[in-house]
file input08.pdb (PDB, C-alpha atoms)
ATOM      1  CA  MET A 571      -9.699   4.513 -15.761  1.00  0.00           C
ATOM      2  CA  GLY A 572      -7.262   5.676 -18.391  1.00  0.00           C
ATOM      3  CA  LYS A 573      -3.968   4.141 -19.437  1.00  0.00           C
ATOM      4  CA  ARG A 574      -1.420   2.871 -16.938  1.00  0.00           C
ATOM      5  CA  PHE A 575       1.497   5.262 -16.537  1.00  0.00           C
ATOM      6  CA  VAL A 576       3.357   3.872 -13.483  1.00  0.00           C
ATOM      7  CA  LEU A 577       3.593   0.433 -11.857  1.00  0.00           C
ATOM      8  CA  GLU A 578       5.433  -0.027  -8.575  1.00  0.00           C
ATOM      9  CA  PHE A 579       5.733  -2.647  -5.829  1.00  0.00           C
ATOM     10  CA  GLY A 580       6.413  -2.227  -2.130  1.00  0.00           C
ATOM     11  CA  LEU A 581       6.985  -4.412   0.915  1.00  0.00           C
ATOM     12  CA  GLY A 582       5.802  -3.705   4.435  1.00  0.00           C
ATOM     13  CA  VAL A 583       6.225  -5.615   7.676  1.00  0.00           C
ATOM     14  CA  ASP A 584       4.546  -5.319  11.073  1.00  0.00           C
ATOM     15  CA  LEU A 585       7.096  -6.910  13.388  1.00  0.00           C
ATOM     16  CA  HIS A 586       4.907  -6.507  16.483  1.00  0.00           C
ATOM     17  CA  GLY A 587       1.152  -6.333  16.767  1.00  0.00           C
ATOM     18  CA  GLN A 588       0.132  -8.721  13.979  1.00  0.00           C
ATOM     19  CA  ASP A 589      -1.688  -5.860  12.197  1.00  0.00           C
ATOM     20  CA  VAL A 590      -2.227  -6.416   8.465  1.00  0.00           C
ATOM     21  CA  ASN A 591      -3.219  -2.742   8.061  1.00  0.00           C
ATOM     22  CA  GLU A 592       0.101  -1.553   9.480  1.00  0.00           C
ATOM     23  CA  ALA A 593       1.999  -3.931   7.196  1.00  0.00           C
ATOM     24  CA  ALA A 594      -0.080  -2.817   4.183  1.00  0.00           C
ATOM     25  CA  LYS A 595       0.424   0.893   4.931  1.00  0.00           C
ATOM     26  CA  LYS A 596       4.185   0.342   5.152  1.00  0.00           C
ATOM     27  CA  ALA A 597       4.090  -1.555   1.834  1.00  0.00           C
ATOM     28  CA  VAL A 598       2.208   1.281   0.111  1.00  0.00           C
ATOM     29  CA  LYS A 599       4.596   3.883   1.551  1.00  0.00           C
ATOM     30  CA  ASP A 600       7.537   1.764   0.353  1.00  0.00           C
ATOM     31  CA  ALA A 601       6.127   1.715  -3.188  1.00  0.00           C
ATOM     32  CA  VAL A 602       5.469   5.466  -3.116  1.00  0.00           C
ATOM     33  CA  SER A 603       9.000   6.149  -1.873  1.00  0.00           C
ATOM     34  CA  GLN A 604      10.377   4.480  -5.012  1.00  0.00           C
ATOM     35  CA  SER A 605       8.321   6.560  -7.443  1.00  0.00           C
ATOM     36  CA  CYS A 606       8.435  10.118  -8.702  1.00  0.00           C
ATOM     37  CA  LEU A 607       5.443  11.308 -10.701  1.00  0.00           C
ATOM     38  CA  CYS A 608       7.146  14.327 -12.289  1.00  0.00           C
ATOM     39  CA  GLY A 609       6.301  12.942 -15.741  1.00  0.00           C
ATOM     40  CA  LEU A 610       2.620  13.555 -15.070  1.00  0.00           C
ATOM     41  CA  SER A 611       3.140  17.308 -15.249  1.00  0.00           C
ATOM     42  CA  GLU A 612       6.430  17.618 -17.148  1.00  0.00           C
ATOM     43  CA  VAL A 613       5.648  15.148 -19.943  1.00  0.00           C
ATOM     44  CA  LEU A 614       1.870  14.831 -19.991  1.00  0.00           C
ATOM     45  CA  GLY A 615       1.039  18.381 -18.906  1.00  0.00           C
ATOM     46  CA  ILE A 616      -1.413  17.309 -16.210  1.00  0.00           C
ATOM     47  CA  LYS A 617      -2.320  20.324 -14.080  1.00  0.00           C
ATOM     48  CA  ASP A 618      -4.767  18.822 -11.552  1.00  0.00           C
ATOM     49  CA  ILE A 619      -3.332  15.513 -10.339  1.00  0.00           C
ATOM     50  CA  ASP A 620      -6.122  15.043  -7.788  1.00  0.00           C
ATOM     51  CA  ASN A 621      -8.817  15.029 -10.484  1.00  0.00           C
ATOM     52  CA  GLU A 622      -6.979  13.741 -13.557  1.00  0.00           C
ATOM     53  CA  VAL A 623      -5.094  10.766 -12.090  1.00  0.00           C
ATOM     54  CA  ASP A 624      -6.455   7.459 -10.773  1.00  0.00           C
ATOM     55  CA  ILE A 625      -4.406   5.319  -8.427  1.00  0.00           C
ATOM     56  CA  CYS A 626      -5.163   1.694  -7.653  1.00  0.00           C
ATOM     57  CA  ALA A 627      -3.430   0.131  -4.653  1.00  0.00           C
ATOM     58  CA  THR A 628      -3.661  -3.641  -4.398  1.00  0.00           C
ATOM     59  CA  VAL A 629      -2.411  -4.992  -1.088  1.00  0.00           C
ATOM     60  CA  ALA A 630      -1.732  -8.674  -0.529  1.00  0.00           C
ATOM     61  CA  VAL A 631      -2.031  -9.692   3.120  1.00  0.00           C
ATOM     62  CA  SER A 632      -2.716 -12.858   5.091  1.00  0.00           C
ATOM     63  CA  ARG A 633      -6.138 -11.588   6.261  1.00  0.00           C
ATOM     64  CA  PRO A 634      -7.544  -9.305   3.532  1.00  0.00           C
ATOM     65  CA  GLU A 635     -10.930  -9.081   5.236  1.00  0.00           C
ATOM     66  CA  GLU A 636      -9.295  -6.989   8.000  1.00  0.00           C
ATOM     67  CA  ILE A 637      -7.990  -4.274   5.656  1.00  0.00           C
ATOM     68  CA  ILE A 638      -9.452  -0.805   6.232  1.00  0.00           C
ATOM     69  CA  PRO A 639      -9.349   0.773   2.738  1.00  0.00           C
ATOM     70  CA  GLU A 640      -9.537   4.374   4.015  1.00  0.00           C
ATOM     71  CA  GLU A 641      -6.371   3.907   6.084  1.00  0.00           C
ATOM     72  CA  ILE A 642      -4.492   2.498   3.110  1.00  0.00           C
ATOM     73  CA  ALA A 643      -5.785   5.213   0.753  1.00  0.00           C
ATOM     74  CA  ALA A 644      -4.547   7.887   3.154  1.00  0.00           C
ATOM     75  CA  CYS A 645      -0.987   6.760   2.371  1.00  0.00           C
ATOM     76  CA  LEU A 646      -1.438   7.923  -1.231  1.00  0.00           C
ATOM     77  CA  PRO A 647      -1.364  11.724  -1.199  1.00  0.00           C
ATOM     78  CA  VAL A 648      -2.715  12.474  -4.684  1.00  0.00           C
ATOM     79  CA  GLY A 649      -5.254  11.274  -7.208  1.00  0.00           C
ATOM     80  CA  ARG A 650      -8.507   9.380  -6.965  1.00  0.00           C
ATOM     81  CA  VAL A 651      -7.535   6.296  -4.976  1.00  0.00           C
ATOM     82  CA  THR A 652      -9.013   2.794  -5.060  1.00  0.00           C
ATOM     83  CA  VAL A 653      -7.820   0.099  -2.633  1.00  0.00           C
ATOM     84  CA  LYS A 654      -8.169  -3.649  -3.192  1.00  0.00           C
ATOM     85  CA  ALA A 655      -7.165  -6.253  -0.615  1.00  0.00           C
ATOM     86  CA  VAL A 656      -6.282  -9.750  -1.815  1.00  0.00           C
ATOM     87  CA  GLN A 657      -5.109 -12.958  -0.186  1.00  0.00           C
ATOM     88  CA  GLY A 658      -1.333 -13.100   0.002  1.00  0.00           C
ATOM     89  CA  GLY A 659       1.436 -11.585   2.020  1.00  0.00           C
ATOM     90  CA  MET A 660       3.128 -13.725   4.591  1.00  0.00           C
ATOM     91  CA  ARG A 661       2.770 -14.591   8.245  1.00  0.00           C
ATOM     92  CA  VAL A 662       5.917 -16.018   9.792  1.00  0.00           C
ATOM     93  CA  SER A 663       7.251 -16.804  13.232  1.00  0.00           C
ATOM     94  CA  GLY A 664       8.924 -13.883  14.982  1.00  0.00           C
ATOM     95  CA  MET A 665       9.255 -12.933  18.640  1.00  0.00           C
ATOM     96  CA  TYR A 666       6.578 -12.520  21.295  1.00  0.00           C
ATOM     97  CA  PHE A 667       6.825  -9.292  23.320  1.00  0.00           C
ATOM     98  CA  PRO A 668       3.481  -8.346  24.922  1.00  0.00           C
ATOM     99  CA  LYS A 669       4.891  -4.915  25.871  1.00  0.00           C
ATOM    100  CA  PHE A 670       5.230  -4.184  22.123  1.00  0.00           C
ATOM    101  CA  GLY A 671       1.576  -5.048  21.485  1.00  0.00           C
ATOM    102  CA  ASP A 672       2.061  -8.645  20.388  1.00  0.00           C
ATOM    103  CA  SER A 673      -0.803 -11.105  20.735  1.00  0.00           C
ATOM    104  CA  ASP A 674       1.421 -13.954  19.516  1.00  0.00           C
ATOM    105  CA  GLU A 675       4.906 -14.481  18.050  1.00  0.00           C
ATOM    106  CA  SER A 676       3.981 -13.921  14.413  1.00  0.00           C
ATOM    107  CA  VAL A 677       5.178 -11.237  11.992  1.00  0.00           C
ATOM    108  CA  GLU A 678       2.890  -9.917   9.235  1.00  0.00           C
ATOM    109  CA  ALA A 679       4.317  -9.040   5.827  1.00  0.00           C
ATOM    110  CA  ALA A 680       2.384  -7.331   3.040  1.00  0.00           C
ATOM    111  CA  VAL A 681       3.049  -6.619  -0.617  1.00  0.00           C
ATOM    112  CA  ALA A 682       1.587  -3.572  -2.335  1.00  0.00           C
ATOM    113  CA  PHE A 683       1.139  -3.078  -6.080  1.00  0.00           C
ATOM    114  CA  ILE A 684       0.487   0.531  -7.082  1.00  0.00           C
ATOM    115  CA  GLU A 685      -0.887   1.472 -10.498  1.00  0.00           C
ATOM    116  CA  VAL A 686      -1.130   5.079 -11.654  1.00  0.00           C
ATOM    117  CA  PHE A 687      -3.582   5.738 -14.492  1.00  0.00           C
ATOM    118  CA  VAL A 688      -3.880   8.852 -16.657  1.00  0.00           C
TER     119      VAL A 688
END
call {"tool": "encode", "arguments": {"input": "input08.pdb", "output": "structure tokens"}}
result
Amino acid sequence: MGKRFVLEFGLGVDLHGQDVNEAAKKAVKDAVSQSCLCGLSEVLGIKDIDNEVDICATVAVSRPEEIIPEEIAACLPVGRVTVKAVQGGMRVSGMYFPKFGDSDESVEAAVAFIEVFV
């Protein structure tokens, strides 16, 4: 990997379903929505973002062993993507609605840390 160019954090929550992947995908999308990579081409002159840029997404969730890296990587539309899942996030008491897909009353929250390398 090259030098870090962008660092960004995001938060994602799965209110129903207790799915750490859904929470992590929302966290990654939140981080992406707060970033614009125009400097890659306008300042650095990068022409082929897919082959010249590496992106590392670290997601912190309550059950990192359940993360499906390919699903998380799909939320990052450019670059060569690496996904790491670590222990973290938060699981708190919410509401139990079986019709919404709940298996219990908990809510899953995830934090994503996105690094863009050039």
call {"tool": "closest_residue", "arguments": {"input": "input08.pdb", "among": "A:Asp674, A:Arg650, A:Gln657, A:Ala682", "to": "Asp620 (chain A)", "atoms": "all atoms listed in the file"}}
result
A:Arg650
call {"tool": "residues_around", "arguments": {"input": "input08.pdb", "residues": "Val651 (chain A)", "least_positions_apart": "5", "cutoff": "12 Å", "atoms": "only C-alpha atoms", "output": "ChimeraX atom specification"}}
result
/A:571,619-628,639-646,684-687
call {"tool": "resolve_selection", "arguments": {"input": "input08.pdb", "expression": "the PyMOL selection byres ((chain A and resi 666) around 12)", "output": "PDB file with C-alpha atoms, keeping the file's coordinate frame"}}
result
ATOM      1  CA  LEU A 585       7.096  -6.910  13.388  1.00  0.00           C
ATOM      2  CA  HIS A 586       4.907  -6.507  16.483  1.00  0.00           C
ATOM      3  CA  GLY A 587       1.152  -6.333  16.767  1.00  0.00           C
ATOM      4  CA  GLN A 588       0.132  -8.721  13.979  1.00  0.00           C
ATOM      5  CA  SER A 663       7.251 -16.804  13.232  1.00  0.00           C
ATOM      6  CA  GLY A 664       8.924 -13.883  14.982  1.00  0.00           C
ATOM      7  CA  MET A 665       9.255 -12.933  18.640  1.00  0.00           C
ATOM      8  CA  PHE A 667       6.825  -9.292  23.320  1.00  0.00           C
ATOM      9  CA  PRO A 668       3.481  -8.346  24.922  1.00  0.00           C
ATOM     10  CA  LYS A 669       4.891  -4.915  25.871  1.00  0.00           C
ATOM     11  CA  PHE A 670       5.230  -4.184  22.123  1.00  0.00           C
ATOM     12  CA  GLY A 671       1.576  -5.048  21.485  1.00  0.00           C
ATOM     13  CA  ASP A 672       2.061  -8.645  20.388  1.00  0.00           C
ATOM     14  CA  SER A 673      -0.803 -11.105  20.735  1.00  0.00           C
ATOM     15  CA  ASP A 674       1.421 -13.954  19.516  1.00  0.00           C
ATOM     16  CA  GLU A 675       4.906 -14.481  18.050  1.00  0.00           C
ATOM     17  CA  SER A 676       3.981 -13.921  14.413  1.00  0.00           C
ATOM     18  CA  VAL A 677       5.178 -11.237  11.992  1.00  0.00           C
TER      19      VAL A 677
END
call {"tool": "atom_distance", "arguments": {"input": "input08.pdb", "atom1": "CA of Val653 (chain A)", "atom2": "CA of Phe575 (chain A)"}}
result
17.5 Å
call {"tool": "closest_residue", "arguments": {"input": "input08.pdb", "among": "A:Asp600, A:Asp589, A:Asp618, A:Glu612", "to": "Val681 (chain A)", "atoms": "all atoms listed in the file"}}
result
A:Asp600
call {"tool": "closest_residue", "arguments": {"input": "input08.pdb", "among": "A:Ser603, A:Val662, A:Val613, A:Val656", "to": "Pro634 (chain A)", "atoms": "all atoms listed in the file"}}
result
A:Val656
call {"tool": "atom_distance", "arguments": {"input": "input08.pdb", "atom1": "CA of Lys599 (chain A)", "atom2": "CA of Val688 (chain A)"}}
result
20.7 Å
call {"tool": "axis_aligned_box", "arguments": {"input": "input08.pdb", "around": "region 603-615 of chain A", "padding_each_side": "8 Å", "output": "lines of an AutoDock Vina configuration file"}}
result
center_x = 5.7
center_y = 11.4
center_z = -10.9
size_x = 25.3
size_y = 29.9
size_z = 34.1
call {"tool": "closest_residue", "arguments": {"input": "input08.pdb", "among": "A:Thr652, A:Ser632, A:Val602, A:Ser611", "to": "Val583 (chain A)", "atoms": "all atoms listed in the file"}}
result
A:Ser632
call {"tool": "closest_residue", "arguments": {"input": "input08.pdb", "among": "A:Val598, A:Cys606, A:Met660, A:Leu577", "to": "Arg633 (chain A)", "atoms": "all atoms listed in the file"}}
result
A:Met660
call {"tool": "resolve_selection", "arguments": {"input": "input08.pdb", "expression": "the PyMOL selection byres ((chain A and resi 590) around 7)", "output": "PDB file with C-alpha atoms, in the coordinates of the input"}}
result
ATOM      1  CA  GLN A 588       0.132  -8.721  13.979  1.00  0.00           C
ATOM      2  CA  ASP A 589      -1.688  -5.860  12.197  1.00  0.00           C
ATOM      3  CA  ASN A 591      -3.219  -2.742   8.061  1.00  0.00           C
ATOM      4  CA  GLU A 592       0.101  -1.553   9.480  1.00  0.00           C
ATOM      5  CA  ALA A 593       1.999  -3.931   7.196  1.00  0.00           C
ATOM      6  CA  ALA A 594      -0.080  -2.817   4.183  1.00  0.00           C
ATOM      7  CA  VAL A 631      -2.031  -9.692   3.120  1.00  0.00           C
ATOM      8  CA  ARG A 633      -6.138 -11.588   6.261  1.00  0.00           C
ATOM      9  CA  ILE A 637      -7.990  -4.274   5.656  1.00  0.00           C
ATOM     10  CA  GLU A 678       2.890  -9.917   9.235  1.00  0.00           C
TER      11      GLU A 678
END
call {"tool": "closest_residue", "arguments": {"input": "input08.pdb", "among": "A:Leu607, A:Val629, A:Ile638, A:Ala655", "to": "Gly580 (chain A)", "atoms": "all atoms listed in the file"}}
result
A:Val629
call {"tool": "atom_distance", "arguments": {"input": "input08.pdb", "atom1": "CA of Gln604 (chain A)", "atom2": "CA of Phe579 (chain A)"}}
result
8.5 Å
call {"tool": "decode", "arguments": {"input": "input08.pdb", "residues": "region 641-682 of chain A", "atoms": "N, CA and C atoms", "output": "mmCIF file, in the first residue's frame"}}
result
data_model
loop_
_atom_site.group_PDB
_atom_site.id
_atom_site.type_symbol
_atom_site.label_atom_id
_atom_site.label_comp_id
_atom_site.auth_asym_id
_atom_site.auth_seq_id
_atom_site.Cartn_x
_atom_site.Cartn_y
_atom_site.Cartn_z
ATOM 1 N N GLU A 641 -19.570 -8.507 0.866
ATOM 2 C CA GLU A 641 -20.730 -7.616 0.961
ATOM 3 C C GLU A 641 -20.301 -6.209 1.376
ATOM 4 N N ILE A 642 -19.356 -6.134 2.284
ATOM 5 C CA ILE A 642 -18.880 -4.829 2.742
ATOM 6 C C ILE A 642 -18.091 -4.155 1.619
ATOM 7 N N ALA A 643 -17.233 -4.904 0.951
ATOM 8 C CA ALA A 643 -16.419 -4.350 -0.141
ATOM 9 C C ALA A 643 -17.287 -3.798 -1.258
ATOM 10 N N ALA A 644 -18.438 -4.410 -1.494
ATOM 11 C CA ALA A 644 -19.327 -3.954 -2.557
ATOM 12 C C ALA A 644 -19.859 -2.539 -2.310
ATOM 13 N N CYS A 645 -19.771 -2.067 -1.087
ATOM 14 C CA CYS A 645 -20.215 -0.709 -0.756
ATOM 15 C C CYS A 645 -19.191 0.346 -1.163
ATOM 16 N N LEU A 646 -18.006 -0.091 -1.535
ATOM 17 C CA LEU A 646 -16.928 0.817 -1.939
ATOM 18 C C LEU A 646 -16.748 0.684 -3.451
ATOM 19 N N PRO A 647 -17.179 1.678 -4.203
ATOM 20 C CA PRO A 647 -17.297 1.531 -5.655
ATOM 21 C C PRO A 647 -16.004 1.608 -6.461
ATOM 22 N N VAL A 648 -14.909 2.008 -5.849
ATOM 23 C CA VAL A 648 -13.658 2.153 -6.607
ATOM 24 C C VAL A 648 -12.487 1.578 -5.830
ATOM 25 N N GLY A 649 -11.385 1.376 -6.526
ATOM 26 C CA GLY A 649 -10.152 0.953 -5.887
ATOM 27 C C GLY A 649 -10.079 -0.535 -5.608
ATOM 28 N N ARG A 650 -8.908 -0.919 -5.115
ATOM 29 C CA ARG A 650 -8.689 -2.299 -4.657
ATOM 30 C C ARG A 650 -9.027 -2.307 -3.178
ATOM 31 N N VAL A 651 -10.061 -3.042 -2.811
ATOM 32 C CA VAL A 651 -10.646 -2.946 -1.469
ATOM 33 C C VAL A 651 -10.244 -4.124 -0.600
ATOM 34 N N THR A 652 -9.857 -3.807 0.642
ATOM 35 C CA THR A 652 -9.597 -4.794 1.685
ATOM 36 C C THR A 652 -10.554 -4.501 2.838
ATOM 37 N N VAL A 653 -11.146 -5.551 3.400
ATOM 38 C CA VAL A 653 -12.075 -5.391 4.529
ATOM 39 C C VAL A 653 -11.527 -6.145 5.729
ATOM 40 N N LYS A 654 -11.491 -5.456 6.870
ATOM 41 C CA LYS A 654 -11.118 -6.082 8.146
ATOM 42 C C LYS A 654 -12.277 -5.908 9.117
ATOM 43 N N ALA A 655 -12.615 -6.970 9.828
ATOM 44 C CA ALA A 655 -13.645 -6.897 10.862
ATOM 45 C C ALA A 655 -12.969 -7.050 12.219
ATOM 46 N N VAL A 656 -13.303 -6.153 13.134
ATOM 47 C CA VAL A 656 -12.721 -6.177 14.478
ATOM 48 C C VAL A 656 -13.840 -6.129 15.518
ATOM 49 N N GLN A 657 -13.503 -6.547 16.716
ATOM 50 C CA GLN A 657 -14.445 -6.501 17.831
ATOM 51 C C GLN A 657 -14.727 -5.058 18.184
ATOM 52 N N GLY A 658 -15.992 -4.729 18.331
ATOM 53 C CA GLY A 658 -16.368 -3.360 18.694
ATOM 54 C C GLY A 658 -17.839 -3.147 18.444
ATOM 55 N N GLY A 659 -18.167 -1.977 17.944
ATOM 56 C CA GLY A 659 -19.563 -1.666 17.715
ATOM 57 C C GLY A 659 -20.324 -1.620 19.019
ATOM 58 N N MET A 660 -21.617 -1.854 18.914
ATOM 59 C CA MET A 660 -22.445 -1.803 20.108
ATOM 60 C C MET A 660 -23.723 -2.603 19.871
ATOM 61 N N ARG A 661 -24.140 -3.291 20.871
ATOM 62 C CA ARG A 661 -25.422 -4.000 20.843
ATOM 63 C C ARG A 661 -26.208 -3.505 22.041
ATOM 64 N N VAL A 662 -27.342 -2.869 21.761
ATOM 65 C CA VAL A 662 -28.142 -2.271 22.830
ATOM 66 C C VAL A 662 -29.589 -2.744 22.725
ATOM 67 N N SER A 663 -30.329 -2.499 23.775
ATOM 68 C CA SER A 663 -31.731 -2.892 23.814
ATOM 69 C C SER A 663 -32.560 -1.957 22.942
ATOM 70 N N GLY A 664 -33.405 -2.548 22.111
ATOM 71 C CA GLY A 664 -34.290 -1.770 21.247
ATOM 72 C C GLY A 664 -35.718 -2.246 21.423
ATOM 73 N N MET A 665 -36.363 -2.574 20.302
ATOM 74 C CA MET A 665 -37.739 -3.056 20.333
ATOM 75 C C MET A 665 -37.817 -4.368 19.568
ATOM 76 N N TYR A 666 -38.694 -5.236 19.992
ATOM 77 C CA TYR A 666 -38.855 -6.553 19.380
ATOM 78 C C TYR A 666 -40.115 -6.571 18.520
ATOM 79 N N PHE A 667 -39.913 -6.635 17.194
ATOM 80 C CA PHE A 667 -41.012 -6.738 16.234
ATOM 81 C C PHE A 667 -40.705 -7.876 15.270
ATOM 82 N N PRO A 668 -41.211 -9.074 15.526
ATOM 83 C CA PRO A 668 -40.931 -10.216 14.643
ATOM 84 C C PRO A 668 -41.282 -9.947 13.179
ATOM 85 N N LYS A 669 -42.317 -9.153 12.917
ATOM 86 C CA LYS A 669 -42.704 -8.851 11.535
ATOM 87 C C LYS A 669 -41.619 -8.061 10.798
ATOM 88 N N PHE A 670 -40.724 -7.412 11.537
ATOM 89 C CA PHE A 670 -39.624 -6.650 10.930
ATOM 90 C C PHE A 670 -38.360 -7.490 10.812
ATOM 91 N N GLY A 671 -38.435 -8.772 11.190
ATOM 92 C CA GLY A 671 -37.281 -9.649 11.084
ATOM 93 C C GLY A 671 -36.476 -9.793 12.360
ATOM 94 N N ASP A 672 -36.984 -9.252 13.455
ATOM 95 C CA ASP A 672 -36.253 -9.339 14.720
ATOM 96 C C ASP A 672 -36.249 -10.749 15.282
ATOM 97 N N SER A 673 -35.105 -11.155 15.831
ATOM 98 C CA SER A 673 -35.019 -12.404 16.579
ATOM 99 C C SER A 673 -34.975 -12.119 18.076
ATOM 100 N N ASP A 674 -34.710 -10.875 18.430
ATOM 101 C CA ASP A 674 -34.758 -10.407 19.817
ATOM 102 C C ASP A 674 -34.948 -8.891 19.797
ATOM 103 N N GLU A 675 -34.792 -8.242 20.946
ATOM 104 C CA GLU A 675 -35.059 -6.797 21.022
ATOM 105 C C GLU A 675 -33.814 -5.939 20.821
ATOM 106 N N SER A 676 -32.714 -6.541 20.422
ATOM 107 C CA SER A 676 -31.470 -5.769 20.341
ATOM 108 C C SER A 676 -31.332 -4.976 19.036
ATOM 109 N N VAL A 677 -30.490 -3.964 19.103
ATOM 110 C CA VAL A 677 -30.117 -3.116 17.968
ATOM 111 C C VAL A 677 -28.610 -3.245 17.799
ATOM 112 N N GLU A 678 -28.161 -3.443 16.559
ATOM 113 C CA GLU A 678 -26.726 -3.548 16.268
ATOM 114 C C GLU A 678 -26.219 -2.227 15.692
ATOM 115 N N ALA A 679 -25.126 -1.731 16.251
ATOM 116 C CA ALA A 679 -24.467 -0.545 15.724
ATOM 117 C C ALA A 679 -23.050 -0.908 15.322
ATOM 118 N N ALA A 680 -22.591 -0.336 14.220
ATOM 119 C CA ALA A 680 -21.247 -0.588 13.710
ATOM 120 C C ALA A 680 -20.539 0.730 13.447
ATOM 121 N N VAL A 681 -19.239 0.704 13.547
ATOM 122 C CA VAL A 681 -18.398 1.848 13.186
ATOM 123 C C VAL A 681 -17.486 1.387 12.060
ATOM 124 N N ALA A 682 -17.354 2.237 11.044
ATOM 125 C CA ALA A 682 -16.447 1.937 9.936
ATOM 126 C C ALA A 682 -15.343 2.984 9.903
#
